[in-house]
Structures are given as structure tokens and as C-alpha cells.
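Asker: My file is structure04.pdb. It has PDB, C-alpha atoms and all ligand atoms:
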```pdb
ATOM      1  CA  MET A  18       0.000   0.000   0.000
ATOM      2  CA  LYS A  19       1.602   3.202  -1.100
ATOM      3  CA  SER A  20       0.415   6.590   0.118
ATOM      4  CA  PRO A  21      -0.161   9.338  -2.443
ATOM      5  CA  ARG A  22       3.070  10.856  -3.658
ATOM      6  CA  GLU A  23       4.263  13.721  -1.510
ATOM      7  CA  PRO A  24       7.160  15.466  -3.251
ATOM      8  CA  ASP A  25       8.041  17.509  -0.150
ATOM      9  CA  LEU A  26       8.433  14.382   1.972
ATOM     10  CA  GLU A  27      10.449  12.669  -0.720
ATOM     11  CA  LEU A  28      12.743  15.680  -0.866
ATOM     12  CA  ARG A  29      13.036  15.753   2.926
ATOM     13  CA  GLY A  30      13.892  12.059   3.066
ATOM     14  CA  LYS A  31      16.473  12.420   0.354
ATOM     15  CA  LEU A  32      18.122  15.335   2.141
ATOM     16  CA  ILE A  33      18.170  13.529   5.498
ATOM     17  CA  ARG A  34      19.792  10.498   3.903
ATOM     18  CA  SER A  35      22.447  12.711   2.294
ATOM     19  CA  LEU A  36      23.555  14.230   5.625
ATOM     20  CA  GLY A  37      25.598  11.203   6.751
ATOM     21  CA  ALA A  38      28.027  11.840   3.919
ATOM     22  CA  LEU A  39      28.669  15.312   5.357
ATOM     23  CA  ARG A  40      29.741  14.108   8.831
ATOM     24  CA  GLU A  41      33.329  15.284   8.303
ATOM     25  CA  MET A  42      32.241  18.892   7.774
ATOM     26  CA  LEU A  43      34.281  21.732   9.240
ATOM     27  CA  PRO A  44      33.112  25.176  10.349
ATOM     28  CA  GLY A  45      34.331  28.527   9.101
ATOM     29  CA  SER A  46      35.474  29.738   5.744
ATOM     30  CA  PHE A  47      38.383  28.814   3.549
ATOM     31  CA  VAL A  48      40.848  31.660   3.042
ATOM     32  CA  GLU A  49      43.907  32.028   0.861
ATOM     33  CA  ARG A  50      46.500  34.555   1.931
ATOM     34  CA  THR A  51      49.627  35.505   0.080
ATOM     35  CA  ARG A  52      52.745  36.799   1.740
ATOM     36  CA  ALA A  53      56.449  37.404   1.302
ATOM     37  CA  CYS A  54      58.634  35.293   3.593
ATOM     38  CA  GLY A  55      61.351  37.941   3.914
ATOM     39  CA  ARG A  56      64.293  35.826   2.736
ATOM     40  CA  PRO A  57      66.268  38.004   0.315
ATOM     41  CA  GLY A  58      67.089  35.246  -2.234
ATOM     42  CA  CYS A  59      63.553  33.858  -2.401
ATOM     43  CA  HIS A  60      61.358  34.163  -5.507
ATOM     44  CA  CYS A  61      58.834  36.111  -3.402
ATOM     45  CA  ALA A  62      61.304  38.990  -2.980
ATOM     46  CA  ASP A  63      60.035  40.494  -6.264
ATOM     47  CA  GLY A  64      56.714  41.126  -4.500
ATOM     48  CA  LYS A  65      54.780  39.280  -7.206
ATOM     49  CA  ARG A  66      55.416  35.555  -6.847
ATOM     50  CA  LEU A  67      54.306  35.396  -3.240
ATOM     51  CA  HIS A  68      53.776  32.339  -1.053
ATOM     52  CA  SER A  69      50.238  31.064  -0.569
ATOM     53  CA  GLN A  70      49.068  30.199   2.905
ATOM     54  CA  TYR A  71      45.659  28.606   3.265
ATOM     55  CA  GLN A  72      43.667  29.113   6.419
ATOM     56  CA  ILE A  73      40.400  28.284   8.107
ATOM     57  CA  SER A  74      38.797  31.482   9.317
ATOM     58  CA  VAL A  75      36.556  30.462  12.187
ATOM     59  CA  LEU A  76      35.061  31.641  15.466
ATOM     60  CA  ILE A  77      36.352  29.734  18.490
ATOM     61  CA  ASP A  78      34.502  30.566  21.710
ATOM     62  CA  GLY A  79      33.206  33.673  19.942
ATOM     63  CA  LYS A  80      36.635  34.919  18.923
ATOM     64  CA  PRO A  81      37.748  35.026  15.285
ATOM     65  CA  LYS A  82      40.734  32.798  14.559
ATOM     66  CA  ALA A  83      42.743  32.060  11.449
ATOM     67  CA  LEU A  84      44.144  28.532  11.505
ATOM     68  CA  ASN A  85      46.885  27.617   9.056
ATOM     69  CA  ILE A  86      46.191  24.518   6.972
ATOM     70  CA  PRO A  87      49.160  22.239   6.249
ATOM     71  CA  ALA A  88      49.744  22.091   2.482
ATOM     72  CA  GLU A  89      48.947  18.384   2.194
ATOM     73  CA  LEU A  90      45.542  18.891   3.848
ATOM     74  CA  VAL A  91      44.406  21.911   1.838
ATOM     75  CA  GLU A  92      42.161  20.047  -0.624
ATOM     76  CA  LYS A  93      40.596  17.855   2.066
ATOM     77  CA  VAL A  94      39.898  20.831   4.307
ATOM     78  CA  ARG A  95      38.442  22.819   1.424
ATOM     79  CA  GLN A  96      35.995  19.964   0.757
ATOM     80  CA  LYS A  97      35.085  19.641   4.441
ATOM     81  CA  ILE A  98      34.294  23.341   4.693
ATOM     82  CA  GLU A  99      32.159  22.998   1.544
ATOM     83  CA  MET A 100      30.284  20.142   3.292
ATOM     84  CA  ARG A 101      29.145  22.584   5.960
ATOM     85  CA  ARG A 102      27.626  24.799   3.277
ATOM     86  CA  ARG A 103      25.716  21.832   1.844
ATOM     87  CA  PHE A 104      24.631  20.774   5.346
ATOM     88  CA  ASP A 105      23.256  24.262   6.058
ATOM     89  CA  ALA A 106      21.467  24.342   2.696
ATOM     90  CA  ALA A 107      19.888  20.936   3.380
ATOM     91  CA  ALA A 108      18.839  21.997   6.899
ATOM     92  CA  ALA A 109      17.262  25.187   5.523
ATOM     93  CA  THR A 110      15.265  23.205   2.950
ATOM     94  CA  ILE A 111      14.125  20.658   5.546
ATOM     95  CA  CYS A 112      12.978  23.489   7.827
ATOM     96  CA  LYS A 113      11.103  25.081   4.940
ATOM     97  CA  VAL A 114       9.273  21.821   4.206
ATOM     98  CA  ASN A 115       8.413  21.352   7.889
ATOM     99  CA  LEU A 116       7.212  24.928   8.286
ATOM    100  CA  LYS A 117       4.946  24.502   5.274
ATOM    101  CA  ARG A 118       3.556  21.307   6.836
ATOM    102  CA  PHE A 119       3.046  23.038  10.164
ATOM    103  CA  LEU A 120       1.130  25.885   8.528
ATOM    104  CA  LYS A 121      -1.035  23.400   6.645
ATOM    105  CA  GLU A 122      -1.752  21.406   9.817
ATOM    106  CA  LYS A 123      -2.652  24.586  11.663
ATOM    107  CA  LYS A 124      -4.971  25.690   8.882
ATOM    108  CA  ASP A 125      -6.659  22.280   8.684
ATOM    109  CA  ARG A 126      -7.473  22.501  12.406
ATOM    110  CA  GLN A 127      -9.244  25.805  11.979
ATOM    111  CA  VAL A 128     -11.918  24.368   9.717
TER     112      VAL A 128
HETATM  113 ZN    ZN A 201      59.712  33.628   0.017
END
```
Translate the structure described by the file into C-alpha cells.
Answerer:
Amino acid sequence: MKSPREPDLELRGKLIRSLGALREMLPGSFVERTRACGRPGCHCADGKRLHSQYQISVLIDGKPKALNIPAELVEKVRQKIEMRRRFDAAAATICKVNLKRFLKEKKDRQV
């Protein structure tokens, strides 16, 4: 016995099932900074070919922090920060579906 198709519930179920894949998400935003290291013989001394340093910009206990990301972890960390964005988008959509259902339930009671 299958209930009538409810696209909102199908969407909600699909989103919920997708959240497990986002469990490694990290907070904050991904930042690239460039800088000169100060060594006179280095290629960065021309002021153009600077070094890249990647960071997580994040609030820790309400204070903004910039955490350096080791070079070999940059791609992984970038993906994990992107997971948070997808998690938030999924949560927002789920809330929207549930709010719509709440409003409908409320309205149905008033009849
Ligand atoms: Zn340098």
C-alpha cells in the first residue's frame, strides 16, 4: 500500500539520507592569503610571486581565529568546509518543508 506521492516528503527524506556523507564537515570559511617570507634570495622577494598560505577562518569561543592549513591537507579541508555549506542548505530546505507542513496542519485545524 503506497500513500499518495508527496514530493516535499520525498525531498526531505532524500536530504536527510544525504547528511551522513557530510559528517566530516568543518566550520568557518576557507581563506587564501599571500605573503612574502622575507628571505632576500627567495622568488617572493620580487613582491609578485608570493607564497600562498591557506587558512580556516573560524570563530572559536566567539573569537575570530585564522588557523593555518598544512599544504597536504588543503584540498581535504576545502571539501570539508564545503560540506558545511551543503549541510546548512539541506537543513534550511528541511525546515522550509516542515514549516509549510506546520502551517497546513494549523490551517486544517481551523476548519
Ligand atoms: Zn619567500
Asker: Residues within 12 Å of ligand ZN 201 (chain A) (only C-alpha atoms and all ligand atoms), as a list in words?
Answerer: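 Answer in the requested format: Thr51, Arg52, Ala53, Cys54, Gly55, Arg56, Pro57, Gly58, Cys59, His60, Cys61, Ala62, Asp63, Gly64, Lys65, Arg66, Leu67, His68, Ser69 and Gln70 of chain A.
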Asker: Excluding same-chain residues fewer than 3 positions from Leu26 of chain A, what lies within 12 Å of it counting all atoms listed in the file, as a VMD selection string?
Answerer: chain A and resid 20 to 23 29 to 33 110 to 115 117 to 118
Asker: Evaluate the PyMOL selection byres (((chain A and resi 86) around 6) and not hetatm) against this structure - the residues, as an MDAnalysis selection string, please.
Answerer: chainID A and resid 71:72 85 87
Asker: Can you tell me how far atom CA of Leu76 of chain A sits from atom CA of Pro44 of chain A, in Å to one decimal?
Answerer: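 That distance, rounded to one decimal, is 8.5 Å.
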Asker: Do you know which residues are at most 6 Å from segment 41-43 of chain A counting all atoms listed in the file, after dropping those on the same chain fewer than 2 positions away, and could you put them as a PyMOL selection string?
Answerer: chain A and resi 39+97-98+100-101
Asker: Between A:Lys80, A:Ala107, A:Asp125, A:Leu120, which has the minimum distance to Arg34 of chain A (counting all atoms listed in the file)?
Answerer: A:Ala107
Asker: In Å, how far is it from atom CA of Gln96 of chain A to atom CA of Lys82 of chain A?
Answerer: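 Separating atom CA of Gln96 of chain A from atom CA of Lys82 of chain A is a distance of 19.4 Å.
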Asker: Record the distance separating atom CA of Arg40 of chain A and atom CA of Arg102 of chain A, expressed in Å with one decimal.
Answerer: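 Separation between atom CA of Arg40 of chain A and atom CA of Arg102 of chain A: 12.2 Å.
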Asker: Can you tell me, as a PyMOL selection string, what residues are no more than 8 Å from Val75 of chain A when counting all atoms listed in the file, ignoring any on the same chain fewer than 3 positions away?
Answerer: chain A and resi 44-46+81-84
Asker: Identify the residues within 8 Å of coordinate (42.4, 28.5, -2.4) (same frame as the file), considering all atoms listed in the file, and give the answer as a PDB file with C-alpha atoms, in the coordinates of the input.
Answerer:
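Final output, point07.pdb:
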```pdb
ATOM      1  CA  PHE A  47      38.383  28.814   3.549  1.00  0.00           C
ATOM      2  CA  VAL A  48      40.848  31.660   3.042  1.00  0.00           C
ATOM      3  CA  GLU A  49      43.907  32.028   0.861  1.00  0.00           C
ATOM      4  CA  TYR A  71      45.659  28.606   3.265  1.00  0.00           C
ATOM      5  CA  ARG A  95      38.442  22.819   1.424  1.00  0.00           C
TER       6      ARG A  95
END
```
Asker: Using only C-alpha atoms, which residue out of A:Ser35, A:Arg50, A:Glu89, A:Ala106 lies closest to Ser74 of chain A?
Answerer: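 Under the stated criterion, the closest residue is A:Arg50.
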Asker: Please output segment 53-77 of chain A, rebuilt to include N, CA and C atoms, as a compact mmCIF listing (two decimals), in the frame of the given file.
Answerer:
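To be explicit, this is the file written out as rebuild13.txt:
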```txt
# COMPACT_ATOMS: atom_id res chain seq x y z
N ALA A 53 55.02 37.54 1.57
CA ALA A 53 56.45 37.40 1.30
C ALA A 53 57.10 36.86 2.57
N CYS A 54 58.04 35.92 2.41
CA CYS A 54 58.63 35.29 3.59
C CYS A 54 59.77 36.13 4.17
N GLY A 55 60.31 37.06 3.38
CA GLY A 55 61.35 37.94 3.91
C GLY A 55 62.77 37.50 3.59
N ARG A 56 62.94 36.27 3.10
CA ARG A 56 64.29 35.83 2.74
C ARG A 56 64.71 36.53 1.45
N PRO A 57 65.88 37.17 1.47
CA PRO A 57 66.27 38.00 0.32
C PRO A 57 66.40 37.23 -1.00
N GLY A 58 66.87 35.98 -0.98
CA GLY A 58 67.09 35.25 -2.23
C GLY A 58 65.85 34.55 -2.75
N CYS A 59 64.75 34.64 -2.04
CA CYS A 59 63.55 33.86 -2.40
C CYS A 59 62.81 34.49 -3.58
N HIS A 60 62.11 33.65 -4.34
CA HIS A 60 61.36 34.16 -5.51
C HIS A 60 60.30 35.19 -5.11
N CYS A 61 59.88 35.18 -3.83
CA CYS A 61 58.83 36.11 -3.40
C CYS A 61 59.37 37.53 -3.20
N ALA A 62 60.71 37.67 -3.23
CA ALA A 62 61.30 38.99 -2.98
C ALA A 62 60.91 40.01 -4.05
N ASP A 63 60.47 39.54 -5.23
CA ASP A 63 60.04 40.49 -6.26
C ASP A 63 58.65 41.07 -5.96
N GLY A 64 58.02 40.59 -4.90
CA GLY A 64 56.71 41.13 -4.50
C GLY A 64 55.56 40.64 -5.35
N LYS A 65 55.84 39.78 -6.32
CA LYS A 65 54.78 39.28 -7.21
C LYS A 65 54.52 37.80 -6.98
N ARG A 66 55.59 37.01 -7.01
CA ARG A 66 55.42 35.56 -6.85
C ARG A 66 55.44 35.20 -5.36
N LEU A 67 54.37 35.55 -4.70
CA LEU A 67 54.31 35.40 -3.24
C LEU A 67 53.96 33.95 -2.85
N HIS A 68 54.16 33.65 -1.58
CA HIS A 68 53.78 32.34 -1.05
C HIS A 68 52.29 32.34 -0.72
N SER A 69 51.64 31.21 -0.97
CA SER A 69 50.24 31.06 -0.57
C SER A 69 50.18 30.36 0.77
N GLN A 70 49.37 30.89 1.65
CA GLN A 70 49.07 30.20 2.90
C GLN A 70 47.55 30.06 2.98
N TYR A 71 47.10 28.84 3.17
CA TYR A 71 45.66 28.61 3.26
C TYR A 71 45.26 28.50 4.73
N GLN A 72 44.12 29.07 5.02
CA GLN A 72 43.67 29.11 6.42
C GLN A 72 42.18 28.81 6.53
N ILE A 73 41.81 28.34 7.73
CA ILE A 73 40.40 28.28 8.11
C ILE A 73 40.14 29.52 8.95
N SER A 74 39.20 30.33 8.53
CA SER A 74 38.80 31.48 9.32
C SER A 74 37.54 31.08 10.08
N VAL A 75 37.64 31.07 11.40
CA VAL A 75 36.56 30.46 12.19
C VAL A 75 36.44 31.15 13.54
N LEU A 76 35.24 31.13 14.11
CA LEU A 76 35.06 31.64 15.47
C LEU A 76 35.28 30.50 16.45
N ILE A 77 36.16 30.71 17.41
CA ILE A 77 36.35 29.73 18.49
C ILE A 77 36.02 30.43 19.79
```
